[in-house]
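A.B. asks: The structure under discussion is supplied below as structure tokens; questions concerning it will follow.
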Amino acid sequence: MVQAGDVGLVTAAREVFSETLTLTSGRTLAGFELITETYGQLNAQRSNAVLICHALSGNHHAAGRYDLSDPKPGWWDLHIGPGKAIDTNRFFVVSLNNLGGCDGSSGPNTMNSATEQPWGPDFPQVSVSDWVTTQVMLAERLGIESWAAVIGGSLGGMQALHWAVHYPERVRNCVALAAAAKLTAQNIAFNEIARQAILSDPDWLTGHYQRETVTPTRGLSLARMVGHLTYMSADGMSDRFGRDTRTPSETIDSDETVFQVESYLRYQGKQFSTRFDANTYLLMTRALDRFDIAADFNDSLNDAMAVTTSRMLIIAFSSDWRFSPARSQELVDALLASGRPVSYAEIETDAGHDAFLLDEPHYTGLFTAWMQQVVI
Amino acid sequence: MRYDLTQIESWIPEGSRVLDLGCGDGAFLSRLQETRRVQGMGLELDPENLIAATQRGVDIVQQDMDQGLSNFPKSSFEIVVLAHALQVLHRPDKVLQDMVRIGREAIVTFPNFGHWRCRLHLGLTGRMPVSKDLPYHWYDTPNIHFCTVKDFEALCADLNIEIIDRDIVSGPTTALFKQLLPNLFGSTAIFRIKACD
């Protein structure tokens with residue numbers, strides 16, 4: 001059933017861009033497609049549009065359901081809807097699947113019209129900058145001159161920051177949740193383990209698995225298990241699973257899971273491997289690794305933040321060790337150094353990195369209050 | 001509005017950048033944004049206060065003053081305010097030094113522990129004062145660093161901080177008494193300070 005506060009039934013749309021896109025790598029795409037969803041109504045002044053930037057494994061389906069029987073709504077339904085933080089009674093919300101994604105936008109699992117084969121590993125590596133370039137094209141297509149807000153968590157927060165730094169005149173408010181100016185060595189290392197898990201799967205076939213109609217599900221599943229583990233906190237896992245066991249196993253070489261946490265991680269990995277594309281996973285993690293908001297400013301984060309003109313909300317989560325509060329604090333300090341207005345909070349939670357997806361009272365309260373101050 | 005806040009307001013230049021340390025629910029900054037058209041920013045720890053201040057349209061950063069304020073650049077604000085929070089800090093001296101570095105001027109208010117009621121209470125009963133204004137016991141109070149008007153002035157001298165202006169809030173005492181013996185008759189002290197040139 002559709003509840004009060006829900007955006008209700010939604011449908012995805014396809015935007016076809018026929019112009020040639022030159023990527024930061026120098027490679028070109030002769031046209032591309034983006035899958036989008038929108039919620040709420042664009043006002044007559046076109047001043048109430050909000051862009052949602054998704055994280056590593058996200059997509060355009062951020063809120064609502066396609067069908068009443070869908071077991072789950074979109075990935076950020078807790079925060080998008082009537083009366084929610086991103087209030088669809090006020091805002092026209094635009095969400096998309098990023099270029100190189102695997103949920104309908106042009107990417108490794110879509111057809112390369114030149115070869116009439118799936119792109120697979122031949123799809124060009126894209127960057128956060130390329131994503132924002134395509135989002136700018138989408139905004140122009142929709143007639144949105146400036147966003148009331150650009151919002152994202154994690155890798156999505158990096159896109160929001162890129163918008164604020166490179167298109168200050170088009171962003172009036174910017175929200176970066178559980179984000180960072182760039183990844184740490186440890187963070188890149190986790191991504192590398194995930195990539196190696198995929199590359200070592202016998203079904204990887206140098207990325208051309210789609211031609212052979214196989215999928216490297218074991219590698220992808222293992223990659224997700226590593227990732228998912230790092231998005232949780234030790235305390236959160238202890239509370240949720242403790243040392244709870246399932247069926248006791250008598251043999252040491254058994255592949256049965258003994259502890260609930262093992263079963264949980266395997267389930268998460270398996271689910272992910274059936275819905276996500278391995279080439280996209282490599283592409284997304286590489287874009288994440290290479291992002292550095294200060295790179296175009298002689299590595300000066302202060303100089304990068306100094307060119308922003310939007311109101312800024314930065315939120316970190318206390319138990320997030322993948323994108324720790326210290327990383328968000330760096331962004332805040334750089335904004336303060338340039339005399340930019342900023343609001344910042346470190347939310348007390350044991351939900352780890354994924355807390356930005358959840359409904360923690362102080363987080364939701366602050367996010368909602370801040371968004372209510374967005375002038376449309 | 002509390003008297004010390006009215007006095008602070010009169011010292012805030014129109015359109016200035018104001019940093020309020022321990023801004024609570026942001027009501028004061030929000031008022032300054034309206035009456036003085038300041039560009040305000042608040043520092044606060046309590047999450048409920050962060051939400052309340054944000055609802056009032058105040059930019060707010062969650063940060064613990066006791067961990068230092070080195071991330072705020074020199075002279076990045078015209079005025080830095082610390083209203084009724086000096087006595088809860090672990091190192092009031094360090095915060096004062098930061099305040100006059102960050103702000104061209106700083107305004108500090110604190111309850112005067114040299115007030116005659118405090119002296120009388122301690123002198124007669126031999127126990128730490130508990131009153132309507134200071135309702136805590138010595139063991140559960142968040143107010144860990146009480147000082148008197150004289151103590152504060154001595155600290156400013158030690159830290160090379162110039163006192164630009166001073167106002168003493170008193171109870172029903174006559175203005176003359178307050179003027180002659182501020183440390184005895186003032187219940188709240190309000191200082192406007194800056195770094196010595």
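Each chain in the structure tokens gets a letter, A, B and so on, in the order shown; residues start at 1 in every chain, and ligands are counted from 1 in the order they appear.
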Quick one: residues within 8 Å of segment 48-53 of chain A, only C-alpha atoms, excluding same-chain residues fewer than 6 positions away - as a list in words?
C.D. replies: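 Final neighbour list, sorted by chain and number: Leu42, Arg90, Phe91, Phe92, Val93, Val94, Ser95, Leu96, Ile144, Ser146, Trp147, Ala148, Ala149, Val150, Ile151, Gly152, Gly153, Gly156, Gly157, Gln159, Ala160 and Ile376 of chain A.
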A.B. asks: Find the spatial neighbours of Glu153 of chain B, counting only C-alpha atoms, within a cut-off of 12 Å - ignore same-chain residues fewer than 2 positions away - and output them as a ChimeraX atom specification.
C.D. replies: /B:93,108,112,147-151,155-166,183,189-193
A.B. asks: What are the closest atom pairs, with distances in Å to one decimal, for each residue of chain A lying within 8 Å of chain B, using only C-alpha atoms, rows by chain and rising residue number, as JSON lines?
C.D. replies:
```
{"residue": "A:Asp333", "atom": "CA", "partner": "B:Asn71", "partner_atom": "CA", "distance": 5.6}
{"residue": "A:Leu336", "atom": "CA", "partner": "B:Phe72", "partner_atom": "CA", "distance": 6.2}
{"residue": "A:Ala337", "atom": "CA", "partner": "B:Pro73", "partner_atom": "CA", "distance": 5.8}
{"residue": "A:Gly339", "atom": "CA", "partner": "B:Ser76", "partner_atom": "CA", "distance": 6.6}
{"residue": "A:Pro341", "atom": "CA", "partner": "B:Asp59", "partner_atom": "CA", "distance": 6.7}
{"residue": "A:Val342", "atom": "CA", "partner": "B:Asp59", "partner_atom": "CA", "distance": 6.1}
{"residue": "A:Ser343", "atom": "CA", "partner": "B:Ile60", "partner_atom": "CA", "distance": 4.7}
{"residue": "A:Tyr344", "atom": "CA", "partner": "B:Val61", "partner_atom": "CA", "distance": 4.6}
{"residue": "A:Ala345", "atom": "CA", "partner": "B:Gln62", "partner_atom": "CA", "distance": 5.0}
{"residue": "A:Glu346", "atom": "CA", "partner": "B:Gln62", "partner_atom": "CA", "distance": 7.0}
{"residue": "A:Ile347", "atom": "CA", "partner": "B:Pro47", "partner_atom": "CA", "distance": 8.0}
{"residue": "A:His362", "atom": "CA", "partner": "B:Pro47", "partner_atom": "CA", "distance": 6.4}
{"residue": "A:Gly365", "atom": "CA", "partner": "B:Ile51", "partner_atom": "CA", "distance": 6.2}
{"residue": "A:Leu366", "atom": "CA", "partner": "B:Ile51", "partner_atom": "CA", "distance": 4.9}
{"residue": "A:Ala369", "atom": "CA", "partner": "B:Gln55", "partner_atom": "CA", "distance": 5.0}
{"residue": "A:Trp370", "atom": "CA", "partner": "B:Thr54", "partner_atom": "CA", "distance": 5.8}
{"residue": "A:Gln372", "atom": "CA", "partner": "B:Gln55", "partner_atom": "CA", "distance": 7.5}
{"residue": "A:Gln373", "atom": "CA", "partner": "B:Gly57", "partner_atom": "CA", "distance": 6.2}
```
A.B. asks: Pull the helix (DSSP H, G or I) assignments for segment 28-157 of chain B out of DSSP run on the backbone, and list those residues as a PyMOL selection string.
C.D. replies: chain B and resi 28-35+47-55+65-67+86-88+92-102+116-125+149-157
A.B. asks: With N, CA and C atoms kept, could you save the residues just selected as a compact mmCIF listing (two decimals), in the first residue's frame?
C.D. replies:
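Output below, filename part_1.txt:
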```
# COMPACT_ATOMS: atom_id res chain seq x y z
N PHE B 28 19.41 33.63 19.88
CA PHE B 28 20.09 34.94 19.92
C PHE B 28 20.66 35.30 18.55
N LEU B 29 21.35 34.34 17.91
CA LEU B 29 21.91 34.60 16.58
C LEU B 29 20.82 34.92 15.57
N SER B 30 19.72 34.18 15.69
CA SER B 30 18.60 34.40 14.79
C SER B 30 18.07 35.82 14.96
N ARG B 31 18.02 36.28 16.21
CA ARG B 31 17.58 37.64 16.48
C ARG B 31 18.57 38.66 15.89
N LEU B 32 19.87 38.37 16.07
CA LEU B 32 20.88 39.28 15.50
C LEU B 32 20.80 39.33 13.98
N GLN B 33 20.44 38.19 13.38
CA GLN B 33 20.31 38.16 11.92
C GLN B 33 19.19 39.08 11.47
N GLU B 34 18.15 39.18 12.32
CA GLU B 34 17.02 40.06 11.98
C GLU B 34 17.32 41.52 12.34
N THR B 35 17.74 41.76 13.60
CA THR B 35 17.87 43.15 14.05
C THR B 35 19.15 43.80 13.58
N PRO B 47 22.88 17.85 19.99
CA PRO B 47 22.21 17.62 18.71
C PRO B 47 20.81 18.24 18.61
N GLU B 48 20.09 18.29 19.73
CA GLU B 48 18.75 18.91 19.68
C GLU B 48 18.88 20.41 19.40
N ASN B 49 19.90 21.02 20.01
CA ASN B 49 20.14 22.44 19.75
C ASN B 49 20.56 22.70 18.30
N LEU B 50 21.32 21.74 17.73
CA LEU B 50 21.72 21.89 16.32
C LEU B 50 20.49 21.96 15.44
N ILE B 51 19.52 21.10 15.74
CA ILE B 51 18.29 21.07 14.94
C ILE B 51 17.51 22.37 15.15
N ALA B 52 17.36 22.77 16.42
CA ALA B 52 16.59 23.98 16.74
C ALA B 52 17.20 25.21 16.07
N ALA B 53 18.53 25.32 16.12
CA ALA B 53 19.20 26.47 15.51
C ALA B 53 19.01 26.45 13.99
N THR B 54 19.11 25.27 13.41
CA THR B 54 18.94 25.14 11.96
C THR B 54 17.53 25.55 11.56
N GLN B 55 16.55 25.15 12.37
CA GLN B 55 15.15 25.54 12.10
C GLN B 55 14.99 27.06 12.09
N MET B 65 34.46 23.26 21.91
CA MET B 65 35.44 24.35 22.12
C MET B 65 36.66 23.88 22.90
N ASP B 66 36.43 22.91 23.80
CA ASP B 66 37.55 22.44 24.63
C ASP B 66 38.59 21.69 23.81
N GLN B 67 38.21 21.26 22.59
CA GLN B 67 39.19 20.60 21.71
C GLN B 67 39.94 21.63 20.86
N LEU B 86 31.76 30.61 29.74
CA LEU B 86 33.17 30.62 30.16
C LEU B 86 33.42 29.63 31.29
N GLN B 87 32.44 29.59 32.22
CA GLN B 87 32.64 28.79 33.44
C GLN B 87 32.52 27.29 33.22
N VAL B 88 32.04 26.85 32.03
CA VAL B 88 31.94 25.41 31.78
C VAL B 88 33.14 24.87 31.01
N PRO B 92 39.39 27.94 29.97
CA PRO B 92 38.86 29.22 29.52
C PRO B 92 39.94 30.13 28.93
N ASP B 93 41.15 30.03 29.46
CA ASP B 93 42.23 30.91 28.97
C ASP B 93 42.53 30.65 27.50
N LYS B 94 42.55 29.37 27.13
CA LYS B 94 42.87 29.03 25.73
C LYS B 94 41.74 29.49 24.80
N VAL B 95 40.49 29.32 25.25
CA VAL B 95 39.36 29.74 24.42
C VAL B 95 39.37 31.26 24.25
N LEU B 96 39.69 31.99 25.32
CA LEU B 96 39.76 33.45 25.22
C LEU B 96 40.82 33.88 24.20
N GLN B 97 41.94 33.20 24.24
CA GLN B 97 43.01 33.54 23.28
C GLN B 97 42.55 33.27 21.85
N ASP B 98 41.84 32.13 21.67
CA ASP B 98 41.30 31.83 20.34
C ASP B 98 40.28 32.88 19.91
N MET B 99 39.44 33.30 20.86
CA MET B 99 38.38 34.27 20.52
C MET B 99 38.94 35.57 19.99
N VAL B 100 39.99 36.08 20.64
CA VAL B 100 40.53 37.36 20.18
C VAL B 100 41.41 37.20 18.93
N ARG B 101 41.75 35.95 18.63
CA ARG B 101 42.46 35.68 17.36
C ARG B 101 41.44 35.61 16.20
N ILE B 102 40.33 34.87 16.44
CA ILE B 102 39.33 34.65 15.39
C ILE B 102 38.53 35.93 15.10
N TRP B 116 28.27 39.70 46.16
CA TRP B 116 28.18 39.65 47.63
C TRP B 116 27.39 38.44 48.13
N ARG B 117 26.37 38.01 47.36
CA ARG B 117 25.60 36.85 47.82
C ARG B 117 26.46 35.59 47.89
N CYS B 118 27.32 35.43 46.85
CA CYS B 118 28.22 34.27 46.85
C CYS B 118 29.18 34.34 48.04
N ARG B 119 29.73 35.54 48.25
CA ARG B 119 30.70 35.73 49.34
C ARG B 119 30.03 35.46 50.68
N LEU B 120 28.79 35.99 50.82
CA LEU B 120 28.08 35.84 52.08
C LEU B 120 27.77 34.37 52.36
N HIS B 121 27.33 33.69 51.28
CA HIS B 121 26.96 32.28 51.41
C HIS B 121 28.16 31.45 51.88
N LEU B 122 29.28 31.66 51.18
CA LEU B 122 30.50 30.91 51.51
C LEU B 122 31.01 31.32 52.90
N GLY B 123 30.96 32.63 53.16
CA GLY B 123 31.49 33.15 54.41
C GLY B 123 30.69 32.69 55.62
N LEU B 124 29.38 32.72 55.50
CA LEU B 124 28.54 32.39 56.65
C LEU B 124 28.32 30.91 56.83
N THR B 125 28.04 30.21 55.71
CA THR B 125 27.70 28.78 55.84
C THR B 125 28.91 27.89 55.68
N VAL B 149 35.00 39.16 38.71
CA VAL B 149 35.34 40.24 37.78
C VAL B 149 36.84 40.55 37.86
N LYS B 150 37.36 40.58 39.08
CA LYS B 150 38.79 40.88 39.27
C LYS B 150 39.67 39.79 38.66
N ASP B 151 39.25 38.51 38.88
CA ASP B 151 40.01 37.39 38.30
C ASP B 151 40.08 37.51 36.78
N PHE B 152 38.92 37.84 36.19
CA PHE B 152 38.86 37.92 34.73
C PHE B 152 39.77 39.03 34.21
N GLU B 153 39.73 40.14 34.89
CA GLU B 153 40.56 41.27 34.45
C GLU B 153 42.04 40.94 34.57
N ALA B 154 42.38 40.20 35.62
CA ALA B 154 43.78 39.79 35.81
C ALA B 154 44.21 38.83 34.69
N LEU B 155 43.29 37.92 34.33
CA LEU B 155 43.61 36.97 33.26
C LEU B 155 43.82 37.70 31.93
N CYS B 156 42.94 38.66 31.65
CA CYS B 156 43.09 39.44 30.40
C CYS B 156 44.46 40.11 30.36
N ALA B 157 44.88 40.67 31.49
CA ALA B 157 46.19 41.31 31.55
C ALA B 157 47.30 40.30 31.25
```
A.B. asks: What lies within 8 Å of segment 71-88 of chain A using only C-alpha atoms, ignoring chain neighbours under 2 positions off, as an NGL selection string?
C.D. replies: :A and (4-7 or 39-41 or 58 or 61-65 or 69 or 90-93 or 357-359 or 364-365 or 367-369 or 371-372)
A.B. asks: Grab the residues selected above and save them as a PDB file, in the first residue's frame with C-alpha atoms.
C.D. replies:
```pdb
ATOM      1  CA  ALA A   4       1.128   9.010   3.626  1.00  0.00           C
ATOM      2  CA  GLY A   5       4.642  10.389   3.181  1.00  0.00           C
ATOM      3  CA  ASP A   6       5.317   8.140   0.197  1.00  0.00           C
ATOM      4  CA  VAL A   7       5.784   9.433  -3.311  1.00  0.00           C
ATOM      5  CA  TYR A  39       9.229  13.076  -7.885  1.00  0.00           C
ATOM      6  CA  GLY A  40       7.109  16.149  -7.132  1.00  0.00           C
ATOM      7  CA  GLN A  41       6.296  18.997  -9.506  1.00  0.00           C
ATOM      8  CA  GLY A  58      22.811   3.139  -6.256  1.00  0.00           C
ATOM      9  CA  HIS A  61      15.178   4.476  -8.327  1.00  0.00           C
ATOM     10  CA  ALA A  62      15.542   6.609  -5.191  1.00  0.00           C
ATOM     11  CA  ALA A  63      11.932   6.694  -4.006  1.00  0.00           C
ATOM     12  CA  GLY A  64       8.505   5.159  -4.476  1.00  0.00           C
ATOM     13  CA  ARG A  65       7.514   1.880  -6.062  1.00  0.00           C
ATOM     14  CA  SER A  69       3.537  -5.328  -4.966  1.00  0.00           C
ATOM     15  CA  ARG A  90       8.084  21.633  -2.090  1.00  0.00           C
ATOM     16  CA  PHE A  91      10.743  20.177  -4.347  1.00  0.00           C
ATOM     17  CA  PHE A  92      10.921  18.662  -7.794  1.00  0.00           C
ATOM     18  CA  VAL A  93      13.374  15.825  -7.259  1.00  0.00           C
ATOM     19  CA  LEU A 357      20.613   5.762   4.081  1.00  0.00           C
ATOM     20  CA  LEU A 358      18.785   5.315   7.390  1.00  0.00           C
ATOM     21  CA  ASP A 359      16.434   7.277   9.582  1.00  0.00           C
ATOM     22  CA  THR A 364      16.733  13.168   9.907  1.00  0.00           C
ATOM     23  CA  GLY A 365      15.870  16.128  12.148  1.00  0.00           C
ATOM     24  CA  PHE A 367      18.608  17.233   7.383  1.00  0.00           C
ATOM     25  CA  THR A 368      14.881  18.119   7.394  1.00  0.00           C
ATOM     26  CA  ALA A 369      15.389  21.421   9.231  1.00  0.00           C
ATOM     27  CA  MET A 371      16.217  21.578   3.761  1.00  0.00           C
ATOM     28  CA  GLN A 372      13.263  23.612   5.075  1.00  0.00           C
TER      29      GLN A 372
END
```
A.B. asks: From the options A:Tyr209, A:Tyr264, A:Phe241, A:Tyr66, which residue's atoms come nearest to Val10 of chain A, counting only C-alpha atoms?
C.D. replies: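 Closest residue, counting only C-alpha atoms: A:Tyr66.
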A.B. asks: Rank nothing, just name the residue among B:Leu134, B:Val80, B:Cys196, B:Met128 nearest to Glu105 of chain B, using only C-alpha atoms.
C.D. replies: B:Val80
A.B. asks: Segment 94-343 of chain A: which residues are strand (DSSP E) by DSSP, as a PyMOL selection string?
C.D. replies: chain A and resi 94-96+111-112+117-118+149-153+173-177+311-317+343
A.B. asks: Can you tell me, as a list in words, what residues are no more than 7 Å from Leu335 of chain A when counting only C-alpha atoms, ignoring any on the same chain fewer than 6 positions away?
C.D. replies: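 Here the qualifying residues turn out to be Asn302, Met305, Ala306 and Val342 of chain A.
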A.B. asks: What is the atom CA of Val175 of chain A-atom CA of Val136 of chain A distance in Å, reported with one decimal?
C.D. replies: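 Answer for the atom CA of Val175 of chain A to atom CA of Val136 of chain A separation: 17.3 Å.
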